[in-house]
file work25.cif (mmCIF, C-alpha atoms (C1' of nucleotides) and all ligand atoms)
data_start
loop_
_atom_site.label_atom_id
_atom_site.label_comp_id
_atom_site.auth_asym_id
_atom_site.auth_seq_id
_atom_site.Cartn_x
_atom_site.Cartn_y
_atom_site.Cartn_z
CA MET A 1 9.04 -5.69 10.66
CA LEU A 2 9.36 -2.03 11.49
CA SER A 3 8.86 0.63 8.85
CA ASN A 4 11.65 2.96 8.02
CA ALA A 5 9.66 5.75 9.57
CA CYS A 6 9.44 3.86 12.81
CA LYS A 7 13.15 3.17 12.91
CA TYR A 8 13.87 6.85 12.46
CA ALA A 9 11.40 7.67 15.20
CA ILE A 10 12.90 5.25 17.69
CA ARG A 11 16.38 6.43 16.99
CA SER A 12 15.43 10.07 17.42
CA ILE A 13 13.62 9.40 20.66
CA LEU A 14 16.71 7.71 22.01
CA TYR A 15 18.85 10.49 20.68
CA LEU A 16 16.72 13.09 22.40
CA ALA A 17 16.66 11.05 25.58
CA ILE A 18 20.41 11.10 25.68
CA ASN A 19 21.16 14.57 24.42
CA SER A 20 18.27 16.88 25.17
CA SER A 21 16.73 18.46 28.22
CA GLU A 22 14.28 21.26 28.93
CA ASP A 23 17.20 23.65 28.81
CA ASN A 24 18.73 22.12 25.77
CA LYS A 25 16.20 21.75 23.02
CA ILE A 26 17.37 20.40 19.72
CA GLY A 27 16.15 21.36 16.24
CA VAL A 28 15.12 18.93 13.56
CA LYS A 29 18.04 19.95 11.48
CA VAL A 30 20.59 18.86 14.03
CA ILE A 31 18.79 15.63 14.82
CA ALA A 32 18.50 14.76 11.16
CA GLU A 33 22.16 15.41 10.56
CA GLU A 34 23.21 13.50 13.60
CA LEU A 35 21.07 10.50 12.75
CA GLU A 36 21.57 10.79 9.00
CA THR A 37 17.91 10.74 8.22
CA PRO A 38 16.00 12.83 5.67
CA GLN A 39 15.22 16.06 7.43
CA PRO A 40 11.65 16.85 6.32
CA PHE A 41 10.58 13.30 6.86
CA LEU A 42 11.94 13.32 10.36
CA ALA A 43 10.19 16.61 11.00
CA LYS A 44 6.90 15.00 10.20
CA LEU A 45 7.59 12.08 12.44
CA LEU A 46 8.57 14.31 15.31
CA GLN A 47 5.34 16.22 14.85
CA GLN A 48 3.43 13.00 15.11
CA LEU A 49 5.31 12.02 18.23
CA THR A 50 4.64 15.45 19.69
CA ARG A 51 0.93 15.13 19.03
CA ASP A 52 1.00 11.84 20.88
CA LYS A 53 2.90 13.41 23.74
CA LEU A 54 5.93 11.22 23.30
CA VAL A 55 8.25 14.15 22.78
CA SER A 56 7.93 17.81 23.72
CA SER A 57 8.67 20.84 21.60
CA THR A 58 8.65 24.58 21.61
CA LYS A 59 8.70 26.93 18.69
CA GLY A 60 10.67 30.06 18.14
CA PRO A 61 14.27 30.95 18.83
CA ASN A 62 16.01 28.44 21.03
CA GLY A 63 13.09 26.17 20.41
CA GLY A 64 13.32 22.59 19.38
CA PHE A 65 12.51 19.10 20.54
CA TYR A 66 13.28 17.57 23.89
CA LEU A 67 12.04 15.01 26.34
CA ASP A 68 10.60 16.05 29.66
CA SER A 69 10.45 13.70 32.61
CA LYS A 70 7.01 12.45 31.64
CA ASN A 71 8.14 11.64 28.13
CA ARG A 72 10.96 9.61 29.56
CA LYS A 73 8.59 7.29 31.33
CA ASN A 74 7.14 6.04 28.07
CA ALA A 75 8.28 2.86 26.36
CA ILE A 76 9.64 2.26 22.90
CA TRP A 77 6.45 0.36 22.29
CA ASP A 78 4.51 3.63 22.48
CA VAL A 79 6.63 5.00 19.70
CA ILE A 80 5.95 1.96 17.57
CA ILE A 81 2.23 2.31 18.11
CA SER A 82 2.33 6.00 17.32
CA ILE A 83 4.15 5.56 14.04
CA ASP A 84 3.41 2.10 12.70
CA GLY A 85 0.23 1.47 14.57
CA THR A 86 -0.17 -1.81 16.34
CA GLY A 87 -0.14 -5.03 14.43
CA LYS A 88 3.11 -5.29 12.52
CA PHE A 89 4.48 -7.36 15.35
CA ASP A 90 1.73 -9.85 15.92
CA ASN A 91 1.70 -11.02 12.34
CA CYS A 92 2.86 -14.41 11.23
CA PHE A 93 6.33 -14.43 9.78
CA LEU A 94 5.07 -16.21 6.68
CA GLY A 95 2.00 -14.03 6.30
CA LEU A 96 -0.67 -16.31 7.66
CA ALA A 97 -3.80 -14.72 9.01
CA LYS A 98 -2.96 -15.27 12.65
CA CYS A 99 0.20 -16.12 14.46
CA ASP A 100 -1.04 -18.73 16.83
CA ASP A 101 0.58 -21.48 18.88
CA ARG A 102 -2.21 -23.84 18.02
CA ASN A 103 -1.94 -23.37 14.26
CA PRO A 104 1.73 -22.64 13.81
CA CYS A 105 3.32 -22.02 10.47
CA PRO A 106 6.51 -23.97 9.72
CA VAL A 107 8.72 -21.34 11.33
CA HIS A 108 6.44 -20.27 14.13
CA PHE A 109 8.26 -21.92 16.99
CA ILE A 110 11.51 -20.45 15.87
CA VAL A 111 10.14 -16.96 15.56
CA ALA A 112 7.66 -16.73 18.39
CA PRO A 113 9.99 -16.80 21.40
CA PHE A 114 12.08 -14.02 19.99
CA LYS A 115 9.10 -11.94 19.16
CA ASP A 116 7.94 -12.28 22.71
CA LYS A 117 11.30 -11.37 24.03
CA ILE A 118 11.79 -8.29 21.94
CA LEU A 119 8.24 -7.24 22.51
CA ASP A 120 8.72 -7.47 26.25
CA SER A 121 11.85 -5.47 26.00
CA PHE A 122 10.01 -2.77 24.10
CA ARG A 123 7.00 -2.72 26.33
CA ASP A 124 8.46 -3.07 29.76
CA LYS A 125 11.49 -0.84 29.68
CA THR A 126 11.00 2.90 29.85
CA ILE A 127 13.00 5.21 27.64
CA ASP A 128 14.91 6.19 30.74
CA GLU A 129 15.93 2.63 31.44
CA TYR A 130 17.02 2.21 27.86
CA VAL A 131 19.22 5.23 28.12
CA VAL A 132 20.93 3.90 31.21
CA GLU A 133 21.60 0.69 29.39
CA ILE A 134 22.87 2.47 26.32
CA LYS A 135 25.23 4.58 28.37
CA ASN A 136 26.51 1.59 30.29
CA THR A 137 27.20 -0.50 27.28
CA ASN A 138 28.17 1.96 24.58
CA ARG A 139 25.37 1.19 22.17
CA VAL A 140 25.18 3.16 18.97
CA ILE A 141 22.17 5.13 17.78
CA SER A 142 23.49 7.37 15.05
CA LEU A 143 24.94 6.22 11.79
CA LYS A 144 27.94 8.40 12.32
CA ASP A 145 30.86 7.38 14.44
CA LEU A 146 30.47 3.72 13.84
CA ASP A 147 33.53 1.61 14.43
CA LEU A 148 34.00 2.94 17.89
CA PHE A 149 36.32 0.06 18.59
CA GLU A 150 38.20 0.40 15.36
CA ASP A 151 41.64 0.63 16.81
CA GLU A 152 41.05 -1.61 19.74
CA GLU A 153 43.03 -4.46 18.29
CA SER A 154 46.79 -5.04 18.15
CA MET B 155 11.83 -8.54 7.29
CA LEU B 156 10.50 -10.59 4.39
CA SER B 157 8.53 -8.92 1.64
CA ASN B 158 5.03 -10.03 0.98
CA ALA B 159 6.21 -11.50 -2.27
CA CYS B 160 8.75 -13.61 -0.48
CA LYS B 161 6.22 -14.93 1.99
CA TYR B 162 3.98 -15.99 -0.86
CA ALA B 163 6.89 -17.66 -2.55
CA ILE B 164 7.95 -19.60 0.50
CA ARG B 165 4.46 -20.77 1.17
CA SER B 166 3.94 -21.92 -2.39
CA ILE B 167 7.21 -23.80 -2.43
CA LEU B 168 6.18 -25.63 0.70
CA TYR B 169 2.74 -26.20 -0.74
CA LEU B 170 4.21 -27.67 -3.88
CA ALA B 171 6.64 -29.76 -1.87
CA ILE B 172 3.77 -31.33 -0.01
CA ASN B 173 1.19 -31.64 -2.74
CA SER B 174 2.88 -31.88 -6.11
CA SER B 175 4.96 -34.42 -7.96
CA GLU B 176 6.09 -34.99 -11.53
CA ASP B 177 2.83 -36.80 -12.12
CA ASN B 178 0.74 -34.25 -10.33
CA LYS B 179 1.47 -30.76 -11.53
CA ILE B 180 -0.51 -27.92 -10.08
CA GLY B 181 -1.64 -24.76 -11.88
CA VAL B 182 -1.22 -21.24 -10.57
CA LYS B 183 -4.92 -20.91 -10.17
CA VAL B 184 -5.21 -23.75 -7.70
CA ILE B 185 -2.15 -22.71 -5.75
CA ALA B 186 -3.36 -19.14 -5.51
CA GLU B 187 -6.76 -20.26 -4.29
CA GLU B 188 -5.33 -22.70 -1.81
CA LEU B 189 -2.90 -20.18 -0.38
CA GLU B 190 -5.25 -17.23 -0.75
CA THR B 191 -2.77 -15.11 -2.62
CA PRO B 192 -3.38 -12.81 -5.58
CA GLN B 193 -3.15 -15.04 -8.61
CA PRO B 194 -1.24 -12.86 -11.13
CA PHE B 195 1.26 -11.85 -8.51
CA LEU B 196 1.89 -15.45 -7.59
CA ALA B 197 2.24 -16.34 -11.25
CA LYS B 198 5.05 -13.87 -11.56
CA LEU B 199 6.77 -15.19 -8.49
CA LEU B 200 6.55 -18.75 -9.72
CA GLN B 201 8.06 -17.66 -13.00
CA GLN B 202 10.94 -16.13 -11.14
CA LEU B 203 11.40 -19.27 -9.10
CA THR B 204 11.29 -21.37 -12.24
CA ARG B 205 13.96 -19.23 -13.88
CA ASP B 206 16.12 -19.81 -10.84
CA LYS B 207 15.45 -23.53 -10.99
CA LEU B 208 13.75 -23.64 -7.64
CA VAL B 209 10.54 -25.04 -9.06
CA SER B 210 9.80 -26.91 -12.27
CA SER B 211 6.97 -26.32 -14.70
CA THR B 212 5.46 -27.56 -17.91
CA LYS B 213 2.95 -25.88 -20.17
CA GLY B 214 -0.10 -27.29 -21.81
CA PRO B 215 -2.92 -29.48 -20.57
CA ASN B 216 -2.09 -31.18 -17.30
CA GLY B 217 0.80 -28.81 -17.05
CA GLY B 218 1.57 -26.72 -14.04
CA PHE B 219 4.17 -26.34 -11.35
CA TYR B 220 5.84 -29.05 -9.34
CA LEU B 221 9.04 -29.87 -7.53
CA ASP B 222 11.37 -32.51 -8.86
CA SER B 223 13.89 -34.23 -6.65
CA LYS B 224 16.56 -31.67 -7.40
CA ASN B 225 14.26 -28.81 -6.45
CA ARG B 226 13.61 -30.51 -3.16
CA LYS B 227 17.25 -30.35 -2.20
CA ASN B 228 17.23 -26.58 -2.13
CA ALA B 229 16.77 -24.55 1.01
CA ILE B 230 14.23 -21.89 1.90
CA TRP B 231 17.12 -19.51 1.88
CA ASP B 232 17.44 -19.96 -1.87
CA VAL B 233 13.88 -18.81 -2.25
CA ILE B 234 14.56 -15.74 -0.17
CA ILE B 235 17.57 -14.88 -2.28
CA SER B 236 15.64 -15.41 -5.49
CA ILE B 237 12.77 -13.14 -4.49
CA ASP B 238 14.04 -10.58 -2.02
CA GLY B 239 17.68 -10.77 -2.91
CA THR B 240 20.14 -11.03 -0.11
CA GLY B 241 20.41 -8.29 2.45
CA LYS B 242 17.04 -7.85 4.09
CA PHE B 243 18.22 -10.15 6.83
CA ASP B 244 21.58 -8.70 7.62
CA ASN B 245 20.27 -5.23 8.24
CA CYS B 246 20.13 -3.61 11.62
CA PHE B 247 16.75 -3.71 13.24
CA LEU B 248 16.86 0.03 13.83
CA GLY B 249 18.19 0.88 10.40
CA LEU B 250 21.84 1.46 11.16
CA ALA B 251 24.31 1.01 8.34
CA LYS B 252 25.68 -2.27 9.60
CA CYS B 253 24.47 -4.79 12.06
CA ASP B 254 27.60 -5.54 13.91
CA ASP B 255 28.45 -7.07 17.27
CA ARG B 256 31.12 -4.50 17.80
CA ASN B 257 28.86 -1.53 17.22
CA PRO B 258 25.52 -2.78 18.40
CA CYS B 259 22.39 -0.69 18.37
CA PRO B 260 20.32 -0.71 21.56
CA VAL B 261 18.38 -3.78 20.53
CA HIS B 262 21.11 -5.64 18.71
CA PHE B 263 21.75 -8.29 21.31
CA ILE B 264 18.09 -9.09 21.53
CA VAL B 265 17.63 -9.37 17.80
CA ALA B 266 20.88 -10.92 16.68
CA PRO B 267 20.55 -14.41 18.17
CA PHE B 268 17.12 -14.70 16.73
CA LYS B 269 18.34 -13.70 13.32
CA ASP B 270 21.13 -16.23 13.49
CA LYS B 271 18.87 -19.01 14.52
CA ILE B 272 16.23 -18.45 11.90
CA LEU B 273 18.86 -17.93 9.28
CA ASP B 274 20.44 -21.23 10.13
CA SER B 275 17.12 -22.92 9.95
CA PHE B 276 16.52 -21.44 6.53
CA ARG B 277 19.95 -22.21 5.18
CA ASP B 278 20.67 -25.61 6.56
CA LYS B 279 17.42 -27.45 6.12
CA THR B 280 16.38 -28.61 2.68
CA ILE B 281 12.83 -28.23 1.49
CA ASP B 282 12.51 -31.96 1.90
CA GLU B 283 13.48 -31.82 5.52
CA TYR B 284 11.03 -29.04 6.13
CA VAL B 285 8.26 -31.08 4.65
CA VAL B 286 9.02 -34.01 6.93
CA GLU B 287 8.86 -31.67 9.87
CA ILE B 288 5.64 -30.10 8.69
CA LYS B 289 4.03 -33.46 8.25
CA ASN B 290 5.18 -34.67 11.63
CA THR B 291 3.96 -31.67 13.49
CA ASN B 292 0.90 -30.52 11.61
CA ARG B 293 2.15 -27.10 10.64
CA VAL B 294 -0.07 -24.88 8.59
CA ILE B 295 0.89 -23.31 5.28
CA SER B 296 -2.35 -22.19 3.73
CA LEU B 297 -4.64 -19.57 5.12
CA LYS B 298 -7.57 -21.87 4.79
CA ASP B 299 -8.35 -24.57 7.31
CA LEU B 300 -6.92 -22.73 10.22
CA ASP B 301 -8.14 -23.76 13.63
CA LEU B 302 -7.32 -27.36 13.01
CA PHE B 303 -7.64 -27.94 16.73
CA GLU B 304 -10.84 -26.02 17.07
CA ASP B 305 -12.85 -28.70 18.77
CA GLU B 306 -10.03 -30.28 20.66
CA GLU B 307 -11.13 -28.94 24.01
CA SER B 308 -13.83 -30.10 26.39
"C1'" DA C 309 9.32 44.32 14.34
"C1'" DT C 310 12.35 40.60 13.29
"C1'" DA C 311 14.14 36.22 13.18
"C1'" DA C 312 14.09 31.42 14.51
"C1'" DA C 313 11.94 27.42 14.83
"C1'" DA C 314 8.07 24.01 14.75
"C1'" DA C 315 3.38 22.90 12.54
"C1'" DA C 316 0.79 21.93 8.71
"C1'" DA C 317 -0.45 20.70 4.20
"C1'" DG C 318 0.54 18.75 0.19
"C1'" DA C 319 3.30 17.68 -4.12
"C1'" DG C 320 6.62 14.41 -6.10
"C1'" DA C 321 9.24 10.16 -6.36
"C1'" DT C 322 9.96 5.52 -5.52
"C1'" DT C 323 8.94 0.97 -4.50
"C1'" DC C 324 5.71 -2.73 -3.77
"C1'" DT C 325 1.65 -5.08 -5.09
"C1'" DT C 326 -1.92 -6.45 -8.24
"C1'" DA C 327 -4.15 -6.87 -12.82
"C1'" DT C 328 -4.49 -7.38 -17.85
"C1'" DC C 329 -3.17 -8.87 -22.17
"C1'" DT C 330 -0.33 -11.16 -25.57
"C1'" DT C 331 2.81 -14.91 -26.84
"C1'" DA C 332 4.65 -19.49 -26.73
"C1'" DA C 333 4.72 -24.16 -25.62
"C1'" DA C 334 2.55 -28.78 -24.89
"C1'" DC C 335 -0.95 -31.91 -25.10
"C1'" DT C 336 -5.52 -33.92 -27.29
"C1'" DC C 337 -8.34 -35.49 -30.63
"C1'" DG C 338 -10.02 -36.00 -35.13
"C1'" DC D 339 -0.40 -34.43 -39.20
"C1'" DG D 340 -3.10 -30.11 -37.88
"C1'" DA D 341 -6.59 -27.36 -35.40
"C1'" DG D 342 -7.96 -26.34 -31.00
"C1'" DT D 343 -7.42 -26.23 -26.05
"C1'" DT D 344 -4.78 -25.67 -21.93
"C1'" DT D 345 -1.40 -23.69 -19.34
"C1'" DA D 346 2.93 -21.20 -18.31
"C1'" DA D 347 5.93 -17.07 -19.82
"C1'" DG D 348 6.47 -12.47 -20.63
"C1'" DA D 349 5.47 -7.62 -21.13
"C1'" DT D 350 3.10 -3.72 -19.67
"C1'" DA D 351 0.67 -0.91 -16.87
"C1'" DA D 352 -2.55 0.37 -13.16
"C1'" DG D 353 -2.98 1.01 -8.09
"C1'" DA D 354 -1.36 1.47 -3.46
"C1'" DA D 355 1.72 2.30 0.00
"C1'" DT D 356 5.83 4.29 1.52
"C1'" DC D 357 9.22 7.69 1.49
"C1'" DT D 358 11.13 12.31 0.44
"C1'" DC D 359 10.96 17.15 -0.44
"C1'" DT D 360 8.81 21.98 -0.77
"C1'" DT D 361 6.14 25.69 0.67
"C1'" DT D 362 3.32 28.22 3.71
"C1'" DT D 363 1.65 29.32 8.28
"C1'" DT D 364 1.94 29.89 13.20
"C1'" DT D 365 4.25 30.58 17.45
"C1'" DT D 366 7.74 32.52 20.38
"C1'" DA D 367 11.96 34.93 21.99
"C1'" DT D 368 14.60 38.89 21.55
S1 LIG E 1 2.21 -18.72 12.78
FE1 LIG E 1 3.78 -18.04 11.47
S2 LIG E 1 5.06 -17.06 12.88
FE2 LIG E 1 3.48 -17.74 14.20
S1 LIG E 2 23.09 -3.31 15.15
FE1 LIG E 2 20.97 -3.02 15.23
S2 LIG E 2 20.30 -5.03 15.10
FE2 LIG E 2 22.41 -5.35 15.02
#

call {"tool": "encode", "arguments": {"input": "work25.cif", "output": "C-alpha cells"}}
result
Amino acid sequence: MLSNACKYAIRSILYLAINSSEDNKIGVKVIAEELETPQPFLAKLLQQLTRDKLVSSTKGPNGGFYLDSKNRKNAIWDVIISIDGTGKFDNCFLGLAKCDDRNPCPVHFIVAPFKDKILDSFRDKTIDEYVVEIKNTNRVISLKDLDLFEDEES
Amino acid sequence: MLSNACKYAIRSILYLAINSSEDNKIGVKVIAEELETPQPFLAKLLQQLTRDKLVSSTKGPNGGFYLDSKNRKNAIWDVIISIDGTGKFDNCFLGLAKCDDRNPCPVHFIVAPFKDKILDSFRDKTIDEYVVEIKNTNRVISLKDLDLFEDEES
DNA sequence: ATAAAAAAAGAGATTCTTATCTTAAACTCG
DNA sequence: CGAGTTTAAGATAAGAATCTCTTTTTTTAT
C-alpha cells in the first residue's frame, strides 16, 4: 500500500517533529541510525521532502534537518503525495481499474470503510496533532526500543 | 499489501470458481483475456496454484484449468500464502519490525482492526461461499464490463 | 581556510513483472 | 495403434521498478 520509501519518510517526519527544532537540527546520519533505515536512501528522501517544503534544512556545521512551524501544519498525506505520488490509495484491493461503490470487487465493502478512515486520519490531522497524540499514548516510531512494556507484567 | 501477482491469482481463482467445472475447463488464454492480465505471467501463477492443489488442470485438447469440489473448499487465504507467502499481512503499516498492540506505531490502531477483519474474511470463507456472495450481490472480478449500473439512473 | 553537513547525480543490486521457447501430456482422427 | 494437434508445465531470460550505496559538489559556520 505504501512503498518502503514512503514509510521511511513518514517515520522520519514524525521523528523530526518530535525531536527537532530550529535550534536543534538533526543530521541524516543520526536520523538513519535512530530509525534503522539505510542512510543514503533516507538522505534522498529527505531531499525530496525538503524540495517540497515538508521539512527544512540547513547545510554546514550544526546544520541538519528540522521542522519549522509551517512544516508542522502539513499532514501525513502531503508526505505520501510527495514520495509515492497520489494514487496508491485509491486503487482497488484486488487490482481492478477503479475502486467504486457501484462496481465493487468481492472485498470492496470490507476494505473501503477502512481506507476512508485511514485516509481521513492522514489528511485531516496535522503533523503537530499527530505528535500530541503520539506523546500522549506512547506510540513507537523507531525500530529501536521496542518492547517498551516488556517488564510490565508480573 | 498484496503483490500484483497475488491479485491476479485471487481474481482468477474466483473467475474459475464462477465459470469453470470439470466439464468446462478454461485455458490460460481465455482467463487472461477475460481478466485483462498478462498471459504468460498468469500462466506461471496458475502453475503455482496447481502445484499447491488450489486449482486443477488437464493438458491436451479441451484441457485447461478448473476447480473441482475439493479446490472449492479452500480459502482465499490459501491463495495468498501460495503466491505471496505469509507475512505481507502481519507487517506494520509504517514498516516497524513487528505490528504489535503493545508497541503500536502511530497508525496501528487505525490499521489493525481492518487487517483483522479482512484477514478473517479471507481465512474463514471458502471459495464456494465467496462465489455465493458474489452471485448474490453482483460483485465484479474482471476488468471488463465495469459500469454494470451505468444506465441505472434517470 | 577548514571542516561539517546537505544537495545532487548516478552506479549497482535486488526484486517484481512480463515474455519467449522448449518439453510433456492428453486427446483426435485416420 | 500412431501421427498430429492442443494445451499445460517448466526453464530461462529480458525489462521495469524499487531499493541501496558511492562519489562529487555546494553551502555555511567557525
Ligand atoms: S473495488 Fe476492489 S476494493 Fe473497491
Ligand atoms: S505497529 Fe504499525 S501497524 Fe501495527

call {"tool": "atom_distance", "arguments": {"input": "work25.cif", "atom1": "CA of Val182 (chain B)", "atom2": "CA of Arg102 (chain A)"}}
result
28.7 Å

call {"tool": "interface_residues", "arguments": {"input": "work25.cif", "of": "chain C", "to": "chain B", "cutoff": "12 Å", "atoms": "all atoms listed in the file", "output": "JSON, numbers by chain"}}
result
{"C": [323, 324, 325, 326, 327, 328, 329, 332, 333, 334, 335, 336]}

call {"tool": "calpha_fit_and_write", "arguments": {"input": "work25.cif", "fixed": "chain B", "moving": "chain A", "output": "short mmCIF file (atom, residue, chain, number, x, y, z; two decimals) with C-alpha atoms, keeping the file's coordinate frame"}}
result
data_model
loop_
_atom_site.label_atom_id
_atom_site.label_comp_id
_atom_site.auth_asym_id
_atom_site.auth_seq_id
_atom_site.Cartn_x
_atom_site.Cartn_y
_atom_site.Cartn_z
CA MET A 1 11.69 -8.47 7.26
CA LEU A 2 10.41 -10.49 4.35
CA SER A 3 8.43 -8.89 1.57
CA ASN A 4 4.94 -10.03 0.89
CA ALA A 5 6.15 -11.49 -2.36
CA CYS A 6 8.68 -13.58 -0.54
CA LYS A 7 6.15 -14.89 1.93
CA TYR A 8 3.92 -15.98 -0.92
CA ALA A 9 6.87 -17.64 -2.60
CA ILE A 10 7.91 -19.58 0.47
CA ARG A 11 4.42 -20.73 1.14
CA SER A 12 3.92 -21.91 -2.43
CA ILE A 13 7.21 -23.77 -2.46
CA LEU A 14 6.17 -25.60 0.68
CA TYR A 15 2.76 -26.19 -0.76
CA LEU A 16 4.23 -27.68 -3.90
CA ALA A 17 6.67 -29.73 -1.88
CA ILE A 18 3.82 -31.31 -0.03
CA ASN A 19 1.24 -31.65 -2.75
CA SER A 20 2.93 -31.91 -6.12
CA SER A 21 5.01 -34.44 -7.96
CA GLU A 22 6.15 -35.00 -11.53
CA ASP A 23 2.89 -36.82 -12.13
CA ASN A 24 0.80 -34.31 -10.33
CA LYS A 25 1.52 -30.83 -11.55
CA ILE A 26 -0.50 -28.01 -10.11
CA GLY A 27 -1.68 -24.85 -11.88
CA VAL A 28 -1.27 -21.35 -10.56
CA LYS A 29 -4.97 -21.03 -10.17
CA VAL A 30 -5.22 -23.87 -7.71
CA ILE A 31 -2.16 -22.80 -5.76
CA ALA A 32 -3.43 -19.25 -5.51
CA GLU A 33 -6.80 -20.38 -4.28
CA GLU A 34 -5.34 -22.79 -1.83
CA LEU A 35 -2.93 -20.25 -0.41
CA GLU A 36 -5.30 -17.31 -0.76
CA THR A 37 -2.86 -15.19 -2.63
CA PRO A 38 -3.49 -12.92 -5.63
CA GLN A 39 -3.28 -15.18 -8.63
CA PRO A 40 -1.40 -13.08 -11.21
CA PHE A 41 1.10 -11.97 -8.64
CA LEU A 42 1.79 -15.52 -7.65
CA ALA A 43 2.16 -16.45 -11.29
CA LYS A 44 4.93 -13.95 -11.64
CA LEU A 45 6.67 -15.20 -8.57
CA LEU A 46 6.47 -18.78 -9.72
CA GLN A 47 7.98 -17.74 -13.03
CA GLN A 48 10.85 -16.16 -11.20
CA LEU A 49 11.35 -19.27 -9.12
CA THR A 50 11.24 -21.38 -12.26
CA ARG A 51 13.90 -19.25 -13.91
CA ASP A 52 16.07 -19.80 -10.88
CA LYS A 53 15.42 -23.51 -11.00
CA LEU A 54 13.73 -23.61 -7.63
CA VAL A 55 10.52 -25.03 -9.04
CA SER A 56 9.79 -26.90 -12.25
CA SER A 57 6.97 -26.35 -14.68
CA THR A 58 5.51 -27.57 -17.91
CA LYS A 59 3.08 -25.84 -20.18
CA GLY A 60 0.05 -27.15 -21.93
CA PRO A 61 -2.73 -29.45 -20.82
CA ASN A 62 -1.98 -31.21 -17.58
CA GLY A 63 0.86 -28.79 -17.15
CA GLY A 64 1.58 -26.84 -14.06
CA PHE A 65 4.17 -26.38 -11.36
CA TYR A 66 5.85 -29.07 -9.34
CA LEU A 67 9.05 -29.86 -7.53
CA ASP A 68 11.41 -32.49 -8.83
CA SER A 69 13.93 -34.20 -6.61
CA LYS A 70 16.59 -31.61 -7.36
CA ASN A 71 14.28 -28.77 -6.43
CA ARG A 72 13.63 -30.45 -3.13
CA LYS A 73 17.25 -30.29 -2.16
CA ASN A 74 17.23 -26.51 -2.12
CA ALA A 75 16.76 -24.45 1.02
CA ILE A 76 14.21 -21.82 1.89
CA TRP A 77 17.12 -19.42 1.86
CA ASP A 78 17.41 -19.89 -1.91
CA VAL A 79 13.85 -18.77 -2.28
CA ILE A 80 14.51 -15.68 -0.21
CA ILE A 81 17.50 -14.80 -2.33
CA SER A 82 15.57 -15.36 -5.53
CA ILE A 83 12.70 -13.11 -4.55
CA ASP A 84 13.97 -10.54 -2.07
CA GLY A 85 17.60 -10.70 -2.95
CA THR A 86 20.09 -11.00 -0.17
CA GLY A 87 20.39 -8.32 2.43
CA LYS A 88 17.03 -7.87 4.11
CA PHE A 89 18.21 -10.17 6.85
CA ASP A 90 21.60 -8.77 7.66
CA ASN A 91 20.29 -5.30 8.31
CA CYS A 92 20.18 -3.70 11.70
CA PHE A 93 16.79 -3.81 13.32
CA LEU A 94 16.92 -0.07 13.92
CA GLY A 95 18.23 0.76 10.47
CA LEU A 96 21.87 1.38 11.22
CA ALA A 97 24.32 0.93 8.40
CA LYS A 98 25.72 -2.36 9.64
CA CYS A 99 24.53 -4.88 12.14
CA ASP A 100 27.70 -5.58 13.98
CA ASP A 101 28.56 -7.09 17.35
CA ARG A 102 31.22 -4.49 17.89
CA ASN A 103 28.94 -1.51 17.27
CA PRO A 104 25.60 -2.80 18.44
CA CYS A 105 22.46 -0.75 18.39
CA PRO A 106 20.40 -0.73 21.60
CA VAL A 107 18.46 -3.83 20.61
CA HIS A 108 21.20 -5.70 18.81
CA PHE A 109 21.88 -8.33 21.41
CA ILE A 110 18.23 -9.12 21.68
CA VAL A 111 17.75 -9.45 17.96
CA ALA A 112 20.99 -10.99 16.78
CA PRO A 113 20.73 -14.47 18.30
CA PHE A 114 17.31 -14.98 16.83
CA LYS A 115 18.37 -13.77 13.46
CA ASP A 116 21.18 -16.26 13.51
CA LYS A 117 18.89 -19.01 14.54
CA ILE A 118 16.25 -18.41 11.94
CA LEU A 119 18.85 -17.84 9.31
CA ASP A 120 20.45 -21.18 10.11
CA SER A 121 17.12 -22.84 9.94
CA PHE A 122 16.52 -21.36 6.51
CA ARG A 123 19.93 -22.11 5.17
CA ASP A 124 20.66 -25.52 6.53
CA LYS A 125 17.41 -27.37 6.13
CA THR A 126 16.39 -28.54 2.68
CA ILE A 127 12.83 -28.17 1.50
CA ASP A 128 12.53 -31.91 1.91
CA GLU A 129 13.50 -31.75 5.55
CA TYR A 130 11.03 -28.96 6.12
CA VAL A 131 8.28 -31.03 4.65
CA VAL A 132 9.03 -33.93 6.95
CA GLU A 133 8.87 -31.59 9.87
CA ILE A 134 5.65 -30.02 8.69
CA LYS A 135 4.03 -33.40 8.25
CA ASN A 136 5.19 -34.58 11.65
CA THR A 137 3.98 -31.58 13.51
CA ASN A 138 0.90 -30.44 11.62
CA ARG A 139 2.16 -27.02 10.65
CA VAL A 140 -0.08 -24.83 8.56
CA ILE A 141 0.87 -23.26 5.24
CA SER A 142 -2.40 -22.16 3.72
CA LEU A 143 -4.70 -19.55 5.13
CA LYS A 144 -7.60 -21.89 4.81
CA ASP A 145 -8.39 -24.53 7.36
CA LEU A 146 -6.94 -22.67 10.25
CA ASP A 147 -8.17 -23.70 13.66
CA LEU A 148 -7.32 -27.29 13.08
CA PHE A 149 -7.62 -27.87 16.79
CA GLU A 150 -10.82 -25.94 17.13
CA ASP A 151 -12.83 -28.61 18.80
CA GLU A 152 -10.03 -30.17 20.71
CA GLU A 153 -11.15 -28.78 24.01
CA SER A 154 -13.89 -29.94 26.39
#

call {"tool": "interface_residues", "arguments": {"input": "work25.cif", "of": "chain A", "to": "chain B", "cutoff": "9 Å", "atoms": "only C-alpha atoms", "output": "ChimeraX atom specification"}}
result
/A:1-2,4,6-8,10-11,93-98,102-108,110-111,113-115,117-118,121,130-131,133-134,137-143,146-150

call {"tool": "axis_aligned_box", "arguments": {"input": "work25.cif", "around": "ligand LIG 2 (chain E)", "padding_each_side": "4 Å", "output": "lines of an AutoDock Vina configuration file"}}
result
center_x = 21.7
center_y = -4.2
center_z = 15.1
size_x = 10.8
size_y = 10.3
size_z = 8.2

call {"tool": "interface_residues", "arguments": {"input": "work25.cif", "of": "chain D", "to": "chain B", "cutoff": "7 Å", "atoms": "only C-alpha atoms (C1' of nucleotides)", "output": "mmCIF file with C-alpha atoms (C1' of nucleotides), keeping the file's coordinate frame"}}
result
data_model
loop_
_atom_site.group_PDB
_atom_site.id
_atom_site.type_symbol
_atom_site.label_atom_id
_atom_site.label_comp_id
_atom_site.auth_asym_id
_atom_site.auth_seq_id
_atom_site.Cartn_x
_atom_site.Cartn_y
_atom_site.Cartn_z
ATOM 1 C "C1'" DT D 344 -4.780 -25.670 -21.930
ATOM 2 C "C1'" DT D 345 -1.400 -23.690 -19.340
ATOM 3 C "C1'" DA D 346 2.930 -21.200 -18.310
#
